[in-house]
Every structure is written in structure tokens, then in C-alpha cells.
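Student: This one is data_19.txt, compact mmCIF, C-alpha atoms and all ligand atoms.
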```txt
# COMPACT_ATOMS: atom_id res chain seq x y z
CA MET A 1 -6.50 2.99 -17.66
CA GLU A 2 -9.11 0.33 -16.86
CA GLU A 3 -9.46 -0.81 -13.28
CA LYS A 4 -10.02 -4.56 -13.22
CA ILE A 5 -13.09 -6.06 -11.65
CA ILE A 6 -11.99 -9.21 -9.94
CA ILE A 7 -14.20 -12.22 -9.48
CA PRO A 8 -12.44 -14.27 -6.81
CA GLY A 9 -12.32 -17.92 -7.77
CA ALA A 10 -12.93 -17.19 -11.45
CA GLU A 11 -9.24 -17.63 -12.30
CA SER A 12 -8.30 -21.04 -13.60
CA PRO A 13 -6.53 -23.05 -10.89
CA GLU A 14 -3.69 -24.03 -13.26
CA LYS A 15 -2.57 -20.51 -14.07
CA LYS A 16 -3.21 -18.19 -11.20
CA LYS A 17 -2.69 -14.50 -11.86
CA LYS A 18 0.00 -12.73 -9.92
CA ILE A 19 -0.29 -9.80 -7.57
CA LEU A 20 2.36 -7.72 -5.89
CA SER A 21 2.23 -4.76 -3.59
CA CYS A 22 4.46 -2.97 -1.09
CA ILE A 23 4.23 -0.62 1.85
CA GLN A 24 6.85 1.81 3.09
CA PRO A 25 8.14 1.46 6.66
CA SER A 26 8.23 5.22 7.08
CA GLY A 27 6.03 5.35 10.19
CA ILE A 28 3.28 3.35 11.85
CA PRO A 29 0.73 2.45 9.16
CA THR A 30 -2.66 4.12 9.37
CA LEU A 31 -6.24 3.04 8.94
CA GLY A 32 -5.85 4.47 5.42
CA ASN A 33 -3.06 2.02 4.62
CA TYR A 34 -5.11 -0.76 6.14
CA LEU A 35 -8.44 -0.12 4.43
CA GLY A 36 -6.94 1.14 1.17
CA ALA A 37 -4.42 -1.64 0.72
CA LEU A 38 -3.61 -4.18 3.44
CA LYS A 39 -7.13 -5.50 3.91
CA ASN A 40 -7.42 -6.14 0.16
CA TRP A 41 -4.03 -7.86 0.13
CA LYS A 42 -5.29 -10.43 2.58
CA THR A 43 -8.48 -11.06 0.58
CA LEU A 44 -6.71 -11.24 -2.77
CA SER A 45 -3.94 -13.49 -1.44
CA ASP A 46 -6.50 -16.31 -1.22
CA ASP A 47 -7.04 -16.28 -4.99
CA PHE A 48 -3.77 -15.13 -6.53
CA ASP A 49 -0.08 -15.95 -6.48
CA SER A 50 1.04 -13.09 -4.32
CA ALA A 51 4.12 -11.22 -3.19
CA PHE A 52 4.16 -8.41 -0.64
CA ALA A 53 7.12 -6.36 0.49
CA VAL A 54 8.23 -3.81 3.02
CA ALA A 55 9.52 -1.08 0.68
CA ASP A 56 12.49 0.02 2.77
CA LEU A 57 14.53 1.26 -0.21
CA HIS A 58 11.71 3.69 -0.97
CA ALA A 59 11.68 4.97 2.61
CA ILE A 60 15.13 6.60 2.42
CA THR A 61 13.98 9.02 -0.28
CA VAL A 62 13.00 11.03 2.80
CA ARG A 63 15.63 11.34 5.55
CA GLN A 64 15.10 8.60 8.17
CA ASP A 65 16.55 8.07 11.60
CA PRO A 66 18.53 4.80 11.14
CA GLN A 67 17.54 3.30 14.50
CA LYS A 68 13.89 4.11 14.00
CA LEU A 69 13.93 2.84 10.43
CA ARG A 70 15.46 -0.49 11.52
CA LYS A 71 12.69 -0.87 14.10
CA GLN A 72 9.92 0.16 11.72
CA ILE A 73 11.01 -2.27 9.00
CA MET A 74 10.52 -5.22 11.37
CA GLU A 75 7.28 -3.74 12.75
CA VAL A 76 5.79 -3.45 9.29
CA PHE A 77 7.03 -6.94 8.42
CA ALA A 78 5.25 -8.23 11.56
CA LEU A 79 2.15 -6.30 10.52
CA LEU A 80 2.08 -8.12 7.17
CA LEU A 81 1.84 -11.40 9.08
CA ALA A 82 -0.63 -9.89 11.56
CA ILE A 83 -3.12 -8.91 8.85
CA GLY A 84 -3.33 -12.62 8.09
CA LEU A 85 -0.93 -13.08 5.18
CA ASP A 86 0.39 -16.63 5.23
CA PRO A 87 4.12 -17.03 4.48
CA GLU A 88 3.38 -20.54 3.17
CA LYS A 89 1.06 -19.06 0.52
CA SER A 90 2.41 -15.56 -0.15
CA ILE A 91 5.95 -14.35 -0.63
CA ILE A 92 6.48 -11.81 2.14
CA PHE A 93 9.82 -10.04 2.12
CA ILE A 94 11.88 -6.94 2.76
CA GLN A 95 12.71 -5.10 -0.46
CA SER A 96 16.39 -4.39 0.32
CA HIS A 97 17.00 -8.12 0.87
CA VAL A 98 16.45 -8.67 -2.85
CA PRO A 99 19.18 -6.77 -4.73
CA ALA A 100 17.43 -7.25 -8.08
CA HIS A 101 15.05 -4.38 -7.18
CA ALA A 102 17.83 -1.79 -7.17
CA GLN A 103 19.49 -3.42 -10.19
CA LEU A 104 16.39 -3.41 -12.38
CA ALA A 105 15.58 0.12 -11.21
CA TRP A 106 18.91 1.26 -12.64
CA VAL A 107 18.19 -0.39 -15.98
CA LEU A 108 14.68 1.07 -16.11
CA ASN A 109 16.00 4.53 -15.21
CA CYS A 110 17.61 4.47 -18.62
CA TYR A 111 14.24 3.82 -20.26
CA THR A 112 12.38 6.57 -18.43
CA GLN A 113 12.27 10.19 -19.47
CA PHE A 114 13.09 13.13 -17.23
CA GLY A 115 9.85 14.83 -18.30
CA GLU A 116 7.74 11.84 -17.25
CA MET A 117 9.18 11.89 -13.74
CA SER A 118 8.82 15.66 -13.41
CA ARG A 119 5.07 15.34 -13.89
CA MET A 120 4.55 13.00 -10.93
CA THR A 121 2.30 14.70 -8.39
CA GLN A 122 3.85 12.86 -5.45
CA PHE A 123 7.29 14.17 -6.45
CA LYS A 124 5.92 17.70 -6.70
CA ASP A 125 4.21 17.40 -3.29
CA LYS A 126 7.17 15.79 -1.54
CA SER A 127 9.70 18.20 -2.98
CA GLN A 128 7.66 20.95 -1.39
CA SER A 129 7.25 19.25 1.98
CA HIS A 130 10.96 18.23 2.03
CA ALA A 131 12.39 21.27 0.27
CA ASP A 132 15.76 20.83 2.02
CA ASN A 133 16.26 17.35 0.57
CA VAL A 134 14.96 17.08 -2.99
CA ASN A 135 17.23 14.14 -3.81
CA VAL A 136 17.51 12.16 -7.03
CA GLY A 137 16.02 9.08 -5.32
CA LEU A 138 12.84 11.03 -4.61
CA PHE A 139 12.74 11.98 -8.27
CA SER A 140 13.20 8.47 -9.62
CA TYR A 141 11.07 6.80 -6.91
CA PRO A 142 8.42 5.65 -9.44
CA VAL A 143 11.09 3.80 -11.44
CA LEU A 144 12.04 1.75 -8.39
CA MET A 145 8.36 1.09 -7.88
CA ALA A 146 8.06 -0.05 -11.51
CA ALA A 147 11.00 -2.41 -10.92
CA ASP A 148 9.25 -3.87 -7.83
CA ILE A 149 6.18 -4.66 -9.87
CA LEU A 150 7.77 -5.79 -13.14
CA LEU A 151 10.28 -8.15 -11.50
CA TYR A 152 7.40 -10.37 -10.36
CA GLN A 153 5.48 -10.10 -13.65
CA ALA A 154 2.52 -8.89 -11.61
CA ASP A 155 -0.84 -8.82 -13.38
CA LEU A 156 -2.44 -6.79 -10.65
CA VAL A 157 -1.24 -4.31 -8.04
CA PRO A 158 -3.60 -3.66 -5.11
CA VAL A 159 -3.06 -0.07 -3.95
CA GLY A 160 -4.90 2.99 -2.71
CA ALA A 161 -5.97 5.67 -5.21
CA ASP A 162 -2.89 7.82 -4.44
CA GLN A 163 -0.66 5.28 -6.21
CA LYS A 164 -2.58 5.28 -9.49
CA GLN A 165 -0.23 7.66 -11.27
CA HIS A 166 2.76 5.52 -10.27
CA LEU A 167 1.01 2.49 -11.73
CA GLU A 168 0.45 4.33 -14.99
CA ILE A 169 4.14 5.10 -15.29
CA ALA A 170 5.05 1.47 -14.50
CA ARG A 171 2.82 0.43 -17.39
CA ASP A 172 4.38 3.03 -19.69
CA ILE A 173 7.90 1.89 -18.84
CA ALA A 174 6.98 -1.77 -19.34
CA ASN A 175 5.28 -1.05 -22.66
CA ARG A 176 8.28 0.96 -23.84
CA PHE A 177 10.76 -1.77 -22.91
CA ASN A 178 8.58 -4.48 -24.49
CA GLY A 179 8.21 -2.31 -27.58
CA ILE A 180 11.98 -2.10 -28.05
CA TYR A 181 13.01 -5.65 -27.09
CA GLY A 182 9.90 -7.81 -27.40
CA LYS A 183 7.71 -9.09 -24.57
CA THR A 184 9.74 -9.00 -21.40
CA PHE A 185 7.37 -7.68 -18.74
CA THR A 186 3.71 -8.30 -17.92
CA ILE A 187 1.73 -5.06 -18.10
CA PRO A 188 0.27 -4.55 -14.62
CA ASP A 189 -3.22 -3.28 -13.82
CA PRO A 190 -4.02 -1.40 -10.63
CA TYR A 191 -6.54 -2.93 -8.24
CA ILE A 192 -8.18 -0.11 -6.36
CA GLY A 193 -10.99 -1.12 -4.00
CA LYS A 194 -14.36 0.58 -4.41
CA GLN A 195 -14.42 1.62 -0.78
CA GLY A 196 -11.39 2.66 1.25
CA ALA A 197 -9.37 3.70 -1.83
CA ARG A 198 -8.91 7.14 -0.33
CA VAL A 199 -9.36 7.38 3.41
CA MET A 200 -9.19 11.05 4.32
CA SER A 201 -7.71 12.92 7.28
CA LEU A 202 -10.05 13.06 10.28
CA GLN A 203 -9.17 16.71 10.82
CA ASP A 204 -9.16 17.91 7.21
CA PRO A 205 -11.26 15.53 5.12
CA THR A 206 -10.12 17.15 1.87
CA LYS A 207 -6.63 15.70 2.51
CA LYS A 208 -5.53 12.05 2.41
CA MET A 209 -5.04 10.35 5.79
CA SER A 210 -1.28 10.06 6.09
CA LYS A 211 1.18 8.64 8.62
CA SER A 212 3.45 11.62 8.03
CA ASP A 213 0.76 14.15 9.05
CA PRO A 214 2.17 16.20 11.96
CA ASN A 215 -1.24 16.16 13.70
CA PRO A 216 -1.79 12.67 15.22
CA LYS A 217 -5.52 13.43 15.62
CA SER A 218 -5.79 13.39 11.83
CA TYR A 219 -5.16 9.66 11.53
CA VAL A 220 -5.88 6.40 13.30
CA SER A 221 -2.76 4.29 13.53
CA VAL A 222 -3.28 0.53 13.26
CA PHE A 223 -1.66 0.19 16.69
CA ASP A 224 -3.71 2.84 18.50
CA THR A 225 -5.47 1.60 21.64
CA PRO A 226 -9.28 1.27 21.54
CA GLU A 227 -9.56 4.39 23.75
CA THR A 228 -7.40 6.44 21.40
CA ILE A 229 -9.32 5.22 18.36
CA MET A 230 -12.64 6.18 19.96
CA LYS A 231 -11.29 9.60 20.93
CA LYS A 232 -9.89 10.33 17.48
CA ILE A 233 -13.06 9.28 15.66
CA ARG A 234 -15.23 11.27 18.09
CA SER A 235 -13.18 14.37 17.37
CA ALA A 236 -13.35 13.89 13.58
CA VAL A 237 -14.45 16.98 11.67
CA THR A 238 -18.00 16.70 10.25
CA ASP A 239 -20.43 19.53 9.43
CA SER A 240 -23.13 21.54 11.13
CA GLU A 241 -26.01 20.00 9.26
CA GLY A 242 -26.39 16.85 11.32
CA GLY A 243 -27.62 14.24 8.80
CA VAL A 244 -25.84 10.94 8.18
CA TYR A 245 -25.93 10.48 4.43
CA TYR A 246 -23.43 10.59 1.58
CA GLY A 247 -23.48 13.89 -0.22
CA GLU A 248 -21.68 16.82 -1.75
CA GLY A 249 -20.05 19.20 0.75
CA LYS A 250 -20.14 16.50 3.43
CA ASP A 251 -16.50 15.38 3.15
CA GLY A 252 -16.14 14.56 6.84
CA VAL A 253 -19.32 12.46 6.99
CA ASN A 254 -18.55 10.85 3.62
CA ASN A 255 -15.15 9.81 4.94
CA LEU A 256 -16.60 8.28 8.12
CA MET A 257 -19.24 6.51 6.04
CA GLY A 258 -16.48 5.06 3.84
CA ILE A 259 -14.60 3.84 6.90
CA TYR A 260 -17.76 2.36 8.43
CA SER A 261 -18.64 0.70 5.14
CA CYS A 262 -15.21 -0.97 4.88
CA CYS A 263 -15.44 -2.27 8.45
CA THR A 264 -19.05 -3.51 8.35
CA GLY A 265 -19.67 -4.36 4.69
CA LEU A 266 -22.77 -2.09 4.70
CA ASP A 267 -23.33 0.19 1.71
CA TYR A 268 -24.03 3.91 2.01
CA GLU A 269 -27.79 3.51 1.76
CA GLN A 270 -27.86 0.94 4.55
CA ILE A 271 -25.69 3.20 6.70
CA ALA A 272 -27.96 6.20 6.08
CA ASN A 273 -30.96 4.05 7.06
CA GLU A 274 -29.24 2.82 10.21
CA PHE A 275 -28.62 6.38 11.39
CA GLN A 276 -31.78 8.05 10.20
CA GLY A 277 -32.99 10.41 12.91
CA LYS A 278 -29.79 9.94 14.91
CA GLY A 279 -27.06 12.52 15.44
CA TYR A 280 -23.34 12.51 14.67
CA GLY A 281 -22.57 11.45 18.26
CA ASP A 282 -24.23 8.05 17.77
CA PHE A 283 -22.75 7.70 14.30
CA LYS A 284 -19.20 8.45 15.45
CA ASN A 285 -19.50 5.99 18.35
CA ALA A 286 -20.58 3.27 15.92
CA VAL A 287 -17.75 4.09 13.50
CA GLY A 288 -15.22 4.10 16.35
CA GLU A 289 -16.44 0.73 17.65
CA ALA A 290 -16.37 -0.79 14.16
CA VAL A 291 -12.78 0.37 13.67
CA VAL A 292 -11.75 -0.95 17.10
CA GLU A 293 -13.23 -4.38 16.26
CA GLU A 294 -11.67 -4.37 12.79
CA LEU A 295 -8.20 -3.68 14.16
CA ARG A 296 -8.42 -5.75 17.36
CA PRO A 297 -7.33 -9.11 15.88
CA VAL A 298 -4.60 -7.39 13.86
CA ARG A 299 -3.21 -5.78 17.00
CA GLU A 300 -3.38 -9.06 18.95
CA ARG A 301 -1.56 -11.02 16.27
CA TYR A 302 0.96 -8.20 15.87
CA ASP A 303 1.80 -8.31 19.60
CA MET A 304 2.29 -12.07 19.33
CA TYR A 305 4.64 -11.85 16.32
CA MET A 306 6.66 -9.00 17.80
CA LYS A 307 7.48 -11.22 20.80
CA ASP A 308 9.14 -13.71 18.45
CA GLN A 309 11.84 -11.78 16.57
CA ALA A 310 13.63 -15.01 15.63
CA TYR A 311 10.53 -16.19 13.77
CA LEU A 312 10.19 -12.83 12.01
CA LYS A 313 13.81 -13.01 10.86
CA GLU A 314 13.36 -16.59 9.69
CA MET A 315 10.23 -15.63 7.70
CA ALA A 316 11.98 -12.60 6.20
CA ALA A 317 14.90 -14.79 5.07
CA LYS A 318 12.54 -17.36 3.58
CA GLY A 319 10.58 -14.65 1.76
CA ALA A 320 13.74 -13.04 0.40
CA ALA A 321 15.09 -16.36 -0.90
CA THR A 322 11.88 -17.11 -2.82
CA ALA A 323 11.51 -13.53 -4.04
CA SER A 324 15.14 -13.48 -5.24
CA ARG A 325 14.65 -16.60 -7.36
CA ILE A 326 11.77 -14.98 -9.25
CA ALA A 327 13.26 -11.50 -9.39
CA ASP A 328 16.68 -12.69 -10.61
CA ARG A 329 15.08 -14.58 -13.46
CA THR A 330 13.29 -11.45 -14.71
CA LEU A 331 16.34 -9.27 -14.14
CA GLN A 332 18.54 -11.58 -16.21
CA LYS A 333 15.98 -11.71 -18.98
CA ALA A 334 15.79 -7.91 -19.12
CA MET A 335 19.56 -7.42 -18.92
CA LYS A 336 20.18 -9.98 -21.66
CA LYS A 337 17.77 -8.14 -23.93
CA CYS A 338 19.64 -4.87 -23.31
CA GLY A 339 22.90 -6.48 -24.43
CA PHE A 340 24.64 -7.22 -21.14
CA VAL A 341 26.92 -10.26 -20.94
CA LEU A 342 25.51 -12.43 -18.18
CA PRO A 343 28.02 -13.80 -15.64
P1 LIG B 401 2.57 3.73 1.15
O1 LIG B 401 3.56 3.05 2.03
O2 LIG B 401 2.45 5.19 1.23
O3 LIG B 401 1.13 3.13 1.40
C1 LIG B 401 0.88 1.72 1.35
C2 LIG B 401 -0.47 1.49 0.71
O4 LIG B 401 -1.49 2.20 1.43
C3 LIG B 401 -2.26 2.98 0.53
N1 LIG B 401 -2.72 4.19 1.24
C4 LIG B 401 -3.99 4.59 1.33
N2 LIG B 401 -5.12 4.06 0.85
C5 LIG B 401 -6.27 4.71 1.12
N3 LIG B 401 -6.34 5.85 1.84
C6 LIG B 401 -5.23 6.41 2.34
N4 LIG B 401 -5.31 7.52 3.07
C7 LIG B 401 -3.98 5.78 2.09
N5 LIG B 401 -2.70 6.06 2.43
C8 LIG B 401 -1.94 5.08 1.89
C9 LIG B 401 -1.32 3.32 -0.61
O5 LIG B 401 -2.03 3.63 -1.78
C10 LIG B 401 -0.53 2.03 -0.73
O6 LIG B 401 -1.22 1.10 -1.54
N6 LIG B 401 4.88 3.80 -3.25
C11 LIG B 401 4.11 2.97 -2.35
C12 LIG B 401 4.85 1.73 -1.90
C13 LIG B 401 5.36 0.88 -3.01
C14 LIG B 401 4.58 0.08 -3.87
C15 LIG B 401 5.52 -0.59 -4.73
C16 LIG B 401 3.20 -0.16 -4.00
C17 LIG B 401 6.66 0.71 -3.33
N7 LIG B 401 6.76 -0.18 -4.36
C18 LIG B 401 5.09 -1.46 -5.70
C19 LIG B 401 2.79 -1.05 -5.00
C20 LIG B 401 3.72 -1.69 -5.83
C21 LIG B 401 3.79 3.80 -1.12
O7 LIG B 401 4.46 4.75 -0.81
O8 LIG B 401 2.79 3.29 -0.37
```
Would you encode the structure as C-alpha cells?
Ligand code: TYM
Tutor:
Amino acid sequence: MEEKIIIPGAESPEKKKKILSCIQPSGIPTLGNYLGALKNWKTLSDDFDSAFAVADLHAITVRQDPQKLRKQIMEVFALLLAIGLDPEKSIIFIQSHVPAHAQLAWVLNCYTQFGEMSRMTQFKDKSQSHADNVNVGLFSYPVLMAADILLYQADLVPVGADQKQHLEIARDIANRFNGIYGKTFTIPDPYIGKQGARVMSLQDPTKKMSKSDPNPKSYVSVFDTPETIMKKIRSAVTDSEGGVYYGEGKDGVNNLMGIYSCCTGLDYEQIANEFQGKGYGDFKNAVGEAVVEELRPVRERYDMYMKDQAYLKEMAAKGAATASRIADRTLQKAMKKCGFVLP
């Protein structure tokens, strides 16, 4: 599958391409979510017709505490505004507020093979880590994700590298449906940033940084205080060799270089030059400070939005109304093709 190279501004103004992406409210988002996805959403939203959602339906594939989930959904919604997405320009909504997602997911379930779902690495991983609750929703999770994307006829889906396999299946499902009934869905391409696509755990840099990691030192949360961020980055695992450069067997340093690169715009060579002759202590301080500065405005705007719950609710309602209009149109088109009698 080709990853698209985007030239912002190169799209014709009359027919902007569409992007859609979602984030689960299953915990406080991490620096990995931010650098791998959210930061790109903001940049791309300037040049594309865009829709972004809090994927709350996806979150219950793992058992959630209802009170916590309710809180986290609004926190993540506020975060979408805090990263700079503009509700006048982008459709920003909560997935469960748009029933068409669950409806199209059902239809697409019937065009997806059991074998295809069984091969999904995330399903295999999660059914191990949640062995007491290997539910059918967890199994068909990628179909719901395909419905999210296909409802908005998205050309491009900005995600981290861990979602690539889910994007492939969304394309397969769309191609299959189009093959049977004629062009119904746009075939989406993933947009995976060059840097930040896979931010790794600070404690085990061979593993993805994840909000569900039981060790909080392994991730920076987007709402960590500057002191906590500095502490976590300073305690990040590196190696005993001491040189700041990108190389094989230097997973910890490579990861910090990736993070630093995303926050400063410097490439690996420039970073290696900056820290030539310096130790990991100096490097980690610089990375920590860059992360603090990157997240500072996000945190400040987040605090502001969280104080105005009425505004958040109003924006969520507005987003859901616009999203529903688009999603319902696609849902009806797909259902008509299958042979349903429309009401
Ligand atoms: P979620 O909620 O796990 O993560 C949201 C986004 O953050 C990216 N990401 C990372 N990127 C780099 N390094 C990391 N360590 C890292 N951890 C997470 C993810 O790739 C993702 O882009 N299934 C999706 C949510 C979803 C979705 C969709 C995405 C539901 N429907 C439709 C796109 C389109 C998920 O669980 O993301």
C-alpha cells in the first residue's frame, strides 16, 4: 500500500480532498498520540476538508468504568479543540452521537471475512492482554473503524504506524463492496508522518508508547506537568555507549531523537551535530524542554476549554449534526445498494 506524499496547498481549491481520523477516549492521550496523529491532524486540517472524532464506541471493546469513560470522552473532545482544531473549519464530534457508524459497521460486518479479522495483530495482542474479555466487538473492531472512514468518503486517514493494518482492511472492505455494487466508497490512503509515526515507550523502547501501559514512567501524558515531563524523559532508557546519533541497537536514543525532531523540526543529522561531544544528560534535558514547550499551549488551551463545559457540549452537538448529514447520506447509499427499502 502506497503512503501518500502530501504537498499542502497543491490541492485545487474547488475540490478539497477529505481526511478523517479518530482517537479512543480510553485514557489520557500520550505524547505518542500527539506526535503520531494529533499534531498532523492540526496541520492537515488547514488544507483538507476534515472530520475528527472521539471514538467512544471503540473504547468499550475493553471494559471501561462508566464514570471514568464519561469524563474521558469530554476530556478528549476538549483536547481536540486544544490542539488547535477549529470547529468552524473541521467537523469535530463524538462517534456515538452519530448512529450511522454503528449501522454501517453492521452492514460491513456482512462483507468481511472471519479469517481477515483473525489475522489482525491488534486483536491477537488485545485478546492476550484482556484474556478474560475477548468479546465479539474486539474482534470486529476494524470493521467499525472501516465504517468511520468510509462514511465520510475520506481520501486520507492520518494515523500512527500501528493503525496501518486496520487501514489496509478498510481498503479491502471498500474495494469488495465497490466490486459487488459499483462505486460506493472512496478508497482511503493512510497518512503516516515520517517522524513520530511510532513513538516508543521510554522504559522499553522496543515497545510502542501506550496510554494503557501499567508503568506511567513509560509514557508522557499530554497533561503531565513540566516537572513530570522532565523527570520522565530524564529517566528514559538509553544505552551505555554515550553518543547522540541515530543507529542500530540504539532504540532508546533513536526514540528520543524522533521525539526531539518532531518538536523542533531538526533532522537527525542536525540533532547529532547539536549534541556532538555532549552526554545523554544534556540531550535528555533538551528533549524534555522541547516536549514541555510543545505541549504547553495545548495544556493551557485544554484548561480553558475544560472550564466551559457548556461550550464543549454545544460544539459536540454542532459537530454531530454536521457529521450525521454526511454519514447518513453514505449510509443510505450503501444500504440502497444492498437491497434495503429506505424509510
Ligand atoms: P488510538 O486511540 O489508539 O490512537 C490515536 C492515534 O494515535 C496514534 N498513536 C501513536 N502514534 C505514534 N506513536 C505511538 N506510540 C502511538 N500511539 C497511538 C494511533 O496510530 C492513532 O492514529 N483505532 C484507532 C482509533 C480509530 C480510528 C478510526 C483511527 C477509530 N476509528 C478511524 C482512524 C480512522 C485507535 O485505537 O487509535
Student: Considering only C-alpha atoms, can you say which of A:Lys211, A:Pro226, A:Thr206, A:Glu294 comes closest to Asn254 (chain A)?
Tutor: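 When distances to Asn254 (chain A) are compared using only C-alpha atoms, the smallest one comes from A:Thr206.
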Student: I'd like the interatomic distance between atom N4 of ligand LIG 401 (chain B) and CA of Thr264 (chain A), to a tenth of an Å.
Tutor: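 These two atoms are separated by 18.4 Å.
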Student: What is the distance between CA of Val253 (chain A) and CA of Val199 (chain A), in Å to one decimal?
Tutor: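 Going from CA of Val253 (chain A) over to CA of Val199 (chain A), I get 11.7 Å.
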Student: Can you pull out every residue within 9 Å of region 136-144 of chain A, counting only C-alpha atoms, but drop anything in the same chain fewer than 4 positions away, and send it as a VMD selection string?
Tutor: chain A and resid 57 to 58 60 to 62 101 to 102 104 to 106 108 to 109 112 114 117 to 118 120 123 126 to 127 148 to 149 166 to 167 169 to 170 173
Student: Taking all atoms listed in the file into account, name the residue in A:Lys194, A:Lys124, A:Arg299, A:Lys278 that is nearest to ligand LIG 401 (chain B).
Tutor: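 Ranked by minimum distance to ligand LIG 401 (chain B), first place goes to A:Lys194.
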Student: Quick one: distance from CA of Ser129 (chain A) to atom C15 of ligand LIG 401 (chain B) in Å, one decimal?
Tutor: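 Taking CA of Ser129 (chain A) and atom C15 of ligand LIG 401 (chain B), their separation equals 21.0 Å.
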Student: Just the residues within 10 Å of region 303-306 of chain A, please, counting all atoms listed in the file, with nothing from its chain fewer than 5 positions along; format it as a list in words.
Tutor: Met74, Glu75, Phe77, Ala78, Leu79, Leu81, Ala82, Phe223, Pro297, Val298, Tyr311 and Leu312 of chain A
Student: Using only C-alpha atoms, find the one residue out of A:Ala59, A:Val134, A:Gly339, A:Ala146 that sits nearest to Glu168 (chain A).
Tutor: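 Looking at the shortest contact to Glu168 (chain A), the residue is A:Ala146.
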Student: From the list A:Gly182, A:Gly277, A:Pro190, A:Gly84, which residue is nearest ligand LIG 401 (chain B) when using all atoms listed in the file?
Tutor: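 Smallest distance to ligand LIG 401 (chain B) is found for A:Pro190.
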Student: Can you list, as a VMD selection string, every protein, DNA or RNA residue that comes within 8 Å of Ile23 (chain A) when you count all atoms listed in the file, leaving out same-chain residues fewer than 6 positions away?
Tutor: chain A and resid 53 to 55
Student: Of the residues A:Lys333, A:Val237, A:Met230, A:Ser324, which is the one nearest to Val287 (chain A), using all atoms listed in the file?
Tutor: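 Nearest candidate to Val287 (chain A) out of A:Lys333, A:Val237, A:Met230, A:Ser324: A:Met230.
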Student: Which is closer to ligand LIG 401 (chain B) than all the others in A:Cys22, A:Ala51, A:Val107, A:Ala236, using all atoms listed in the file?
Tutor: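 Result for the nearest residue to ligand LIG 401 (chain B): A:Cys22.
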Student: If we count only C-alpha atoms and set the cut-off at 12 Å, which residues sit around Phe283 (chain A), ignoring sequence neighbours fewer than 3 positions away in its own chain? Please answer as JSON, numbers by chain.
Tutor: {"A": [230, 233, 234, 236, 238, 242, 243, 244, 245, 253, 254, 256, 257, 259, 260, 271, 272, 273, 274, 275, 276, 277, 278, 279, 280, 286, 287, 288, 289, 290]}
Student: Residues at most 6 Å from Phe93 (chain A), counting only C-alpha atoms, excluding those fewer than 2 positions away in the same chain, as an NGL selection string?
Tutor: :A and (53 or 316 or 319-320)
Student: So that I have them on file, write out the residues from the current selection with C-alpha atoms, as a compact mmCIF listing (two decimals), keeping the file's coordinate frame.
Tutor:
```txt
# COMPACT_ATOMS: atom_id res chain seq x y z
CA ALA A 53 7.12 -6.36 0.49
CA ALA A 316 11.98 -12.60 6.20
CA GLY A 319 10.58 -14.65 1.76
CA ALA A 320 13.74 -13.04 0.40
```
Student: Provide an axis-aligned box for all listed atoms of ligand LIG 401 (chain B), padding each side by 6 Å; report its centre and its edge lengths in Å to one decimal, as lines of an AutoDock Vina configuration file.
Tutor:
```
center_x = 0.2
center_y = 2.9
center_z = -1.4
size_x = 25.1
size_y = 21.2
size_z = 20.9
```
Student: Complete region 128-140 of chain A with N, CA, C and O atoms (output as a compact mmCIF listing (two decimals), keeping the file's coordinate frame).
Tutor:
```
# COMPACT_ATOMS: atom_id res chain seq x y z
N GLN A 128 8.04 19.75 -2.15
CA GLN A 128 7.66 20.95 -1.39
C GLN A 128 7.76 20.69 0.10
O GLN A 128 8.31 21.48 0.85
N SER A 129 7.24 19.51 0.53
CA SER A 129 7.25 19.25 1.98
C SER A 129 8.64 18.90 2.49
O SER A 129 8.88 18.91 3.70
N HIS A 130 9.57 18.51 1.60
CA HIS A 130 10.96 18.23 2.03
C HIS A 130 11.91 19.08 1.19
O HIS A 130 12.85 18.55 0.59
N ALA A 131 11.66 20.36 1.18
CA ALA A 131 12.39 21.27 0.27
C ALA A 131 13.90 21.25 0.51
O ALA A 131 14.68 21.54 -0.40
N ASP A 132 14.31 20.86 1.72
CA ASP A 132 15.76 20.83 2.02
C ASP A 132 16.43 19.55 1.52
O ASP A 132 17.63 19.39 1.65
N ASN A 133 15.67 18.63 0.98
CA ASN A 133 16.26 17.35 0.57
C ASN A 133 15.55 16.79 -0.67
O ASN A 133 14.96 15.73 -0.63
N VAL A 134 15.59 17.55 -1.74
CA VAL A 134 14.96 17.08 -2.99
C VAL A 134 16.01 16.24 -3.73
O VAL A 134 16.70 16.72 -4.62
N ASN A 135 16.15 14.98 -3.29
CA ASN A 135 17.23 14.14 -3.81
C ASN A 135 16.80 13.40 -5.07
O ASN A 135 15.61 13.32 -5.40
N VAL A 136 17.78 12.82 -5.75
CA VAL A 136 17.51 12.16 -7.03
C VAL A 136 16.66 10.90 -6.83
O VAL A 136 15.87 10.52 -7.67
N GLY A 137 16.83 10.26 -5.64
CA GLY A 137 16.02 9.08 -5.32
C GLY A 137 14.54 9.43 -5.27
O GLY A 137 13.69 8.68 -5.75
N LEU A 138 14.24 10.58 -4.70
CA LEU A 138 12.84 11.03 -4.61
C LEU A 138 12.27 11.23 -6.02
O LEU A 138 11.13 10.90 -6.31
N PHE A 139 13.14 11.72 -6.88
CA PHE A 139 12.74 11.98 -8.27
C PHE A 139 12.46 10.68 -9.02
O PHE A 139 11.45 10.54 -9.71
N SER A 140 13.35 9.70 -8.82
CA SER A 140 13.20 8.47 -9.62
C SER A 140 12.46 7.36 -8.86
O SER A 140 12.41 6.21 -9.31
```
